[in-house]
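The file start10.tsv contains TSV, N, CA and C atoms:
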chain	number	residue	atom	x	y	z
C	1	MET	N	-27.29	-7.32	-15.45
C	1	MET	CA	-26.42	-6.81	-14.41
C	1	MET	C	-26.09	-5.34	-14.74
C	2	ASN	N	-26.02	-4.54	-13.73
C	2	ASN	CA	-25.71	-3.13	-13.90
C	2	ASN	C	-24.33	-2.97	-14.52
C	3	ILE	N	-24.19	-2.05	-15.45
C	3	ILE	CA	-22.93	-1.87	-16.17
C	3	ILE	C	-21.84	-1.32	-15.26
C	4	VAL	N	-22.20	-0.50	-14.29
C	4	VAL	CA	-21.21	0.03	-13.34
C	4	VAL	C	-20.67	-1.10	-12.46
C	5	PHE	N	-21.56	-1.97	-12.02
C	5	PHE	CA	-21.16	-3.11	-11.20
C	5	PHE	C	-20.27	-4.05	-12.02
C	6	THR	N	-20.60	-4.26	-13.27
C	6	THR	CA	-19.78	-5.09	-14.15
C	6	THR	C	-18.38	-4.48	-14.30
C	7	GLY	N	-18.31	-3.18	-14.51
C	7	GLY	CA	-17.01	-2.52	-14.61
C	7	GLY	C	-16.20	-2.64	-13.35
C	8	ALA	N	-16.85	-2.53	-12.21
C	8	ALA	CA	-16.14	-2.68	-10.94
C	8	ALA	C	-15.61	-4.10	-10.77
C	9	LEU	N	-16.40	-5.09	-11.17
C	9	LEU	CA	-15.93	-6.48	-11.08
C	9	LEU	C	-14.76	-6.74	-12.03
C	10	VAL	N	-14.83	-6.20	-13.23
C	10	VAL	CA	-13.72	-6.35	-14.17
C	10	VAL	C	-12.47	-5.66	-13.63
C	11	GLY	N	-12.64	-4.47	-13.08
C	11	GLY	CA	-11.51	-3.76	-12.48
C	11	GLY	C	-10.90	-4.50	-11.31
C	12	THR	N	-11.74	-5.14	-10.51
C	12	THR	CA	-11.23	-5.94	-9.40
C	12	THR	C	-10.44	-7.14	-9.91
C	13	GLY	N	-10.96	-7.78	-10.96
C	13	GLY	CA	-10.23	-8.91	-11.54
C	13	GLY	C	-8.90	-8.51	-12.12
C	14	VAL	N	-8.87	-7.38	-12.81
C	14	VAL	CA	-7.62	-6.88	-13.38
C	14	VAL	C	-6.64	-6.53	-12.26
C	15	ALA	N	-7.12	-5.89	-11.21
C	15	ALA	CA	-6.25	-5.50	-10.10
C	15	ALA	C	-5.67	-6.73	-9.40
C	16	LEU	N	-6.50	-7.72	-9.14
C	16	LEU	CA	-6.01	-8.92	-8.46
C	16	LEU	C	-5.03	-9.70	-9.32
C	17	SER	N	-5.31	-9.79	-10.60
C	17	SER	CA	-4.37	-10.52	-11.47
C	17	SER	C	-3.06	-9.76	-11.61
C	18	LEU	N	-3.12	-8.44	-11.72
C	18	LEU	CA	-1.91	-7.64	-11.81
C	18	LEU	C	-1.07	-7.77	-10.55
C	19	LEU	N	-1.71	-7.71	-9.41
C	19	LEU	CA	-1.00	-7.82	-8.14
C	19	LEU	C	-0.40	-9.22	-7.95
C	20	SER	N	-1.15	-10.26	-8.30
C	20	SER	CA	-0.62	-11.61	-8.12
C	20	SER	C	0.52	-11.92	-9.09
C	21	LEU	N	0.42	-11.43	-10.32
C	21	LEU	CA	1.52	-11.64	-11.27
C	21	LEU	C	2.78	-10.90	-10.83
C	22	GLU	N	2.63	-9.69	-10.37
C	22	GLU	CA	3.79	-8.92	-9.91
C	22	GLU	C	4.43	-9.58	-8.68
C	23	TYR	N	3.59	-10.09	-7.78
C	23	TYR	CA	4.11	-10.78	-6.60
C	23	TYR	C	4.89	-12.03	-7.01
C	24	ALA	N	4.35	-12.78	-7.96
C	24	ALA	CA	5.04	-13.99	-8.41
C	24	ALA	C	6.38	-13.66	-9.07
C	25	ILE	N	6.40	-12.62	-9.87
C	25	ILE	CA	7.65	-12.21	-10.52
C	25	ILE	C	8.68	-11.77	-9.48
C	26	LEU	N	8.25	-10.95	-8.52
C	26	LEU	CA	9.19	-10.49	-7.50
C	26	LEU	C	9.65	-11.64	-6.60
C	27	ARG	N	8.76	-12.59	-6.35
C	27	ARG	CA	9.15	-13.74	-5.52
C	27	ARG	C	10.21	-14.58	-6.23
C	28	SER	N	10.05	-14.79	-7.53
C	28	SER	CA	11.05	-15.59	-8.26
C	28	SER	C	12.38	-14.85	-8.34
C	29	ARG	N	12.34	-13.52	-8.55
C	29	ARG	CA	13.59	-12.75	-8.56
C	29	ARG	C	14.27	-12.78	-7.20
C	30	SER	N	13.48	-12.73	-6.14
C	30	SER	CA	14.03	-12.79	-4.79
C	30	SER	C	14.68	-14.15	-4.52
C	31	ALA	N	14.04	-15.21	-4.98
C	31	ALA	CA	14.60	-16.55	-4.80
C	31	ALA	C	15.90	-16.70	-5.60
C	32	GLU	N	15.94	-16.13	-6.78
C	32	GLU	CA	17.16	-16.19	-7.59
C	32	GLU	C	18.31	-15.43	-6.92
C	33	ARG	N	18.02	-14.26	-6.37
C	33	ARG	CA	19.06	-13.50	-5.65
C	33	ARG	C	19.53	-14.26	-4.43
C	34	ALA	N	18.62	-14.92	-3.74
C	34	ALA	CA	18.99	-15.68	-2.55
C	34	ALA	C	19.89	-16.85	-2.91
C	35	ARG	N	19.60	-17.52	-4.03
C	35	ARG	CA	20.46	-18.62	-4.46
C	35	ARG	C	21.86	-18.13	-4.81
C	36	GLU	N	21.93	-16.98	-5.47
C	36	GLU	CA	23.23	-16.44	-5.87
C	36	GLU	C	24.07	-16.02	-4.67
C	37	LYS	N	23.43	-15.45	-3.66
C	37	LYS	CA	24.15	-14.94	-2.49
C	37	LYS	C	24.19	-15.92	-1.33
C	38	HIS	N	23.57	-17.08	-1.49
C	38	HIS	CA	23.52	-18.12	-0.44
C	38	HIS	C	22.93	-17.56	0.85
C	39	ARG	N	21.80	-16.89	0.71
C	39	ARG	CA	21.10	-16.32	1.86
C	39	ARG	C	19.66	-16.80	1.87
C	40	LYS	N	18.97	-16.39	2.94
C	40	LYS	CA	17.56	-16.73	3.08
C	40	LYS	C	16.74	-15.93	2.07
C	41	ASP	N	15.71	-16.55	1.51
C	41	ASP	CA	14.84	-15.91	0.53
C	41	ASP	C	13.93	-14.90	1.22
C	42	ALA	N	14.10	-13.62	0.91
C	42	ALA	CA	13.27	-12.57	1.49
C	42	ALA	C	13.25	-11.36	0.56
C	43	PHE	N	12.15	-10.61	0.64
C	43	PHE	CA	12.06	-9.38	-0.14
C	43	PHE	C	12.99	-8.33	0.46
C	44	ASP	N	13.58	-7.51	-0.39
C	44	ASP	CA	14.34	-6.38	0.12
C	44	ASP	C	13.44	-5.15	0.15
C	45	GLY	N	13.99	-4.02	0.54
C	45	GLY	CA	13.18	-2.81	0.67
C	45	GLY	C	12.55	-2.35	-0.62
C	46	ALA	N	13.29	-2.46	-1.72
C	46	ALA	CA	12.75	-2.03	-3.02
C	46	ALA	C	11.57	-2.90	-3.44
C	47	ASP	N	11.67	-4.20	-3.19
C	47	ASP	CA	10.57	-5.10	-3.54
C	47	ASP	C	9.32	-4.80	-2.72
C	48	ARG	N	9.52	-4.55	-1.43
C	48	ARG	CA	8.37	-4.24	-0.57
C	48	ARG	C	7.71	-2.93	-0.98
C	49	SER	N	8.51	-1.93	-1.31
C	49	SER	CA	7.91	-0.66	-1.71
C	49	SER	C	7.24	-0.78	-3.08
C	50	ARG	N	7.77	-1.63	-3.95
C	50	ARG	CA	7.14	-1.83	-5.26
C	50	ARG	C	5.78	-2.50	-5.12
C	51	ILE	N	5.69	-3.52	-4.26
C	51	ILE	CA	4.41	-4.19	-4.02
C	51	ILE	C	3.42	-3.22	-3.37
C	52	ALA	N	3.90	-2.41	-2.42
C	52	ALA	CA	3.01	-1.45	-1.74
C	52	ALA	C	2.48	-0.42	-2.73
C	53	ALA	N	3.33	0.08	-3.60
C	53	ALA	CA	2.89	1.07	-4.58
C	53	ALA	C	1.87	0.45	-5.55
C	54	LEU	N	2.12	-0.78	-5.96
C	54	LEU	CA	1.18	-1.44	-6.86
C	54	LEU	C	-0.15	-1.72	-6.16
C	55	ALA	N	-0.11	-2.07	-4.89
C	55	ALA	CA	-1.34	-2.31	-4.13
C	55	ALA	C	-2.15	-1.02	-4.01
C	56	ARG	N	-1.49	0.10	-3.78
C	56	ARG	CA	-2.21	1.38	-3.72
C	56	ARG	C	-2.82	1.71	-5.07
C	57	PHE	N	-2.12	1.41	-6.14
C	57	PHE	CA	-2.66	1.65	-7.48
C	57	PHE	C	-3.86	0.73	-7.74
C	58	CYS	N	-3.77	-0.51	-7.30
C	58	CYS	CA	-4.84	-1.47	-7.55
C	58	CYS	C	-6.12	-1.13	-6.79
C	59	ILE	N	-6.01	-0.35	-5.73
C	59	ILE	CA	-7.21	0.09	-5.01
C	59	ILE	C	-8.04	1.02	-5.89
C	60	LEU	N	-7.37	1.77	-6.76
C	60	LEU	CA	-8.07	2.71	-7.63
C	60	LEU	C	-8.68	2.07	-8.87
C	61	LEU	N	-8.24	0.89	-9.23
C	61	LEU	CA	-8.69	0.29	-10.49
C	61	LEU	C	-10.20	-0.01	-10.55
C	62	PRO	N	-10.82	-0.62	-9.54
C	62	PRO	CA	-12.27	-0.88	-9.66
C	62	PRO	C	-13.12	0.36	-9.88
C	63	PRO	N	-12.91	1.47	-9.14
C	63	PRO	CA	-13.73	2.65	-9.45
C	63	PRO	C	-13.45	3.24	-10.83
C	64	VAL	N	-12.20	3.18	-11.27
C	64	VAL	CA	-11.86	3.70	-12.59
C	64	VAL	C	-12.52	2.86	-13.68
C	65	PHE	N	-12.46	1.55	-13.54
C	65	PHE	CA	-13.11	0.68	-14.53
C	65	PHE	C	-14.63	0.87	-14.50
C	66	ALA	N	-15.21	1.06	-13.32
C	66	ALA	CA	-16.64	1.28	-13.23
C	66	ALA	C	-17.02	2.57	-13.95
C	67	ALA	N	-16.24	3.62	-13.76
C	67	ALA	CA	-16.52	4.89	-14.43
C	67	ALA	C	-16.35	4.76	-15.94
C	68	LEU	N	-15.30	4.07	-16.37
C	68	LEU	CA	-15.09	3.90	-17.79
C	68	LEU	C	-16.20	3.08	-18.45
C	69	PHE	N	-16.63	2.01	-17.79
C	69	PHE	CA	-17.74	1.21	-18.32
C	69	PHE	C	-18.99	2.06	-18.41
C	70	TRP	N	-19.25	2.89	-17.40
C	70	TRP	CA	-20.43	3.73	-17.39
C	70	TRP	C	-20.38	4.75	-18.53
C	71	LEU	N	-19.18	5.36	-18.74
C	71	LEU	CA	-19.05	6.35	-19.80
C	71	LEU	C	-19.15	5.74	-21.21
C	72	VAL	N	-18.58	4.57	-21.39
C	72	VAL	CA	-18.54	3.98	-22.72
C	72	VAL	C	-19.84	3.30	-23.09
C	73	TRP	N	-20.39	2.50	-22.19
C	73	TRP	CA	-21.54	1.68	-22.54
C	73	TRP	C	-22.89	2.26	-22.17
C	74	ASP	N	-22.92	3.28	-21.40
C	74	ASP	CA	-24.23	3.81	-20.97
C	74	ASP	C	-24.62	5.04	-21.68

What's the structure tokens form of this structure?
Amino acid sequence: MNIVFTGALVGTGVALSLLSLEYAILRSRSAERAREKHRKDAFDGADRSRIAALARFCILLPPVFAALFWLVWD
């Protein structure tokens, strides 16, 4: 398999795992806040902007990993 393609796949895996872990953490914090305040469980503005910023960062990870794999192993 091409080393650049391998790097892109690894970068995609890292990005998806990072995004899913952050979402799970924010979801649990949101549920805890909702229990404390006796309100409906929902993300607030800071949580939404944090997920959006992380999603924009995760878009860059596959090309960066592909370039790093190419530079290191090729």

Two-atom distance - atom C of Leu68 of chain C, atom C of Ile3 of chain C (Å):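 Computing the Euclidean distance for atom C of Leu68 of chain C and atom C of Ile3 of chain C yields 7.8 Å.
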
Rounded to one decimal place, report the atom CA of Leu71 of chain C-atom CA of Leu54 of chain C distance in Å.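 If I compute the distance from atom CA of Leu71 of chain C to atom CA of Leu54 of chain C, I get 25.2 Å.
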
So how far away is atom CA of Thr6 of chain C from atom CA of Ile51 of chain C, in Å? 26.2 Å

Option closest in space to Asp44 of chain C, from C:Ser20, C:Ser30, C:Phe65, C:Leu60 [counting all atoms listed in the file]: C:Ser30

With distances taken over all atoms listed in the file, which residue among C:Glu22, C:Ser49, C:Lys40, C:Pro63 lies nearest Gly7 of chain C?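 Closest residue, counting all atoms listed in the file: C:Pro63.
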
In segment 26-70 of chain C, DSSP helix (DSSP H, G or I) residues written as a ChimeraX atom specification: /C:26-37,45-70

Do a neighbour search on Ala8 of chain C at 6 Å with only N, CA and C atoms, toss out local chain neighbours closer than 3 positions, and write the hits as a short mmCIF file (atom, residue, chain, number, x, y, z; two decimals) with N, CA and C atoms, keeping the file's coordinate frame.
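Okay, this is what ended up in part33.cif:
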data_model
loop_
_atom_site.label_atom_id
_atom_site.label_comp_id
_atom_site.auth_asym_id
_atom_site.auth_seq_id
_atom_site.Cartn_x
_atom_site.Cartn_y
_atom_site.Cartn_z
N ILE C 3 -24.19 -2.05 -15.45
CA ILE C 3 -22.93 -1.87 -16.17
C ILE C 3 -21.84 -1.32 -15.26
N VAL C 4 -22.20 -0.50 -14.29
CA VAL C 4 -21.21 0.03 -13.34
C VAL C 4 -20.67 -1.10 -12.46
N PHE C 5 -21.56 -1.97 -12.02
CA PHE C 5 -21.16 -3.11 -11.20
C PHE C 5 -20.27 -4.05 -12.02
N GLY C 11 -12.64 -4.47 -13.08
CA GLY C 11 -11.51 -3.76 -12.48
C GLY C 11 -10.90 -4.50 -11.31
N THR C 12 -11.74 -5.14 -10.51
CA THR C 12 -11.23 -5.94 -9.40
C THR C 12 -10.44 -7.14 -9.91
N GLY C 13 -10.96 -7.78 -10.96
CA GLY C 13 -10.23 -8.91 -11.54
C GLY C 13 -8.90 -8.51 -12.12
N PRO C 62 -10.82 -0.62 -9.54
CA PRO C 62 -12.27 -0.88 -9.66
C PRO C 62 -13.12 0.36 -9.88
N PRO C 63 -12.91 1.47 -9.14
CA PRO C 63 -13.73 2.65 -9.45
C PRO C 63 -13.45 3.24 -10.83
N PHE C 65 -12.46 1.55 -13.54
CA PHE C 65 -13.11 0.68 -14.53
C PHE C 65 -14.63 0.87 -14.50
N ALA C 66 -15.21 1.06 -13.32
CA ALA C 66 -16.64 1.28 -13.23
C ALA C 66 -17.02 2.57 -13.95
#

Between C:Ala46, C:Leu19, C:Ala34, C:Val14, single out the one closest to Leu61 of chain C, counting all atoms listed in the file. C:Val14

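Using all atoms listed in the file, the smallest distance between any of C:Arg35, C:Val72, C:Phe43, C:Cys58 and Leu16 of chain C comes from C:Cys58.
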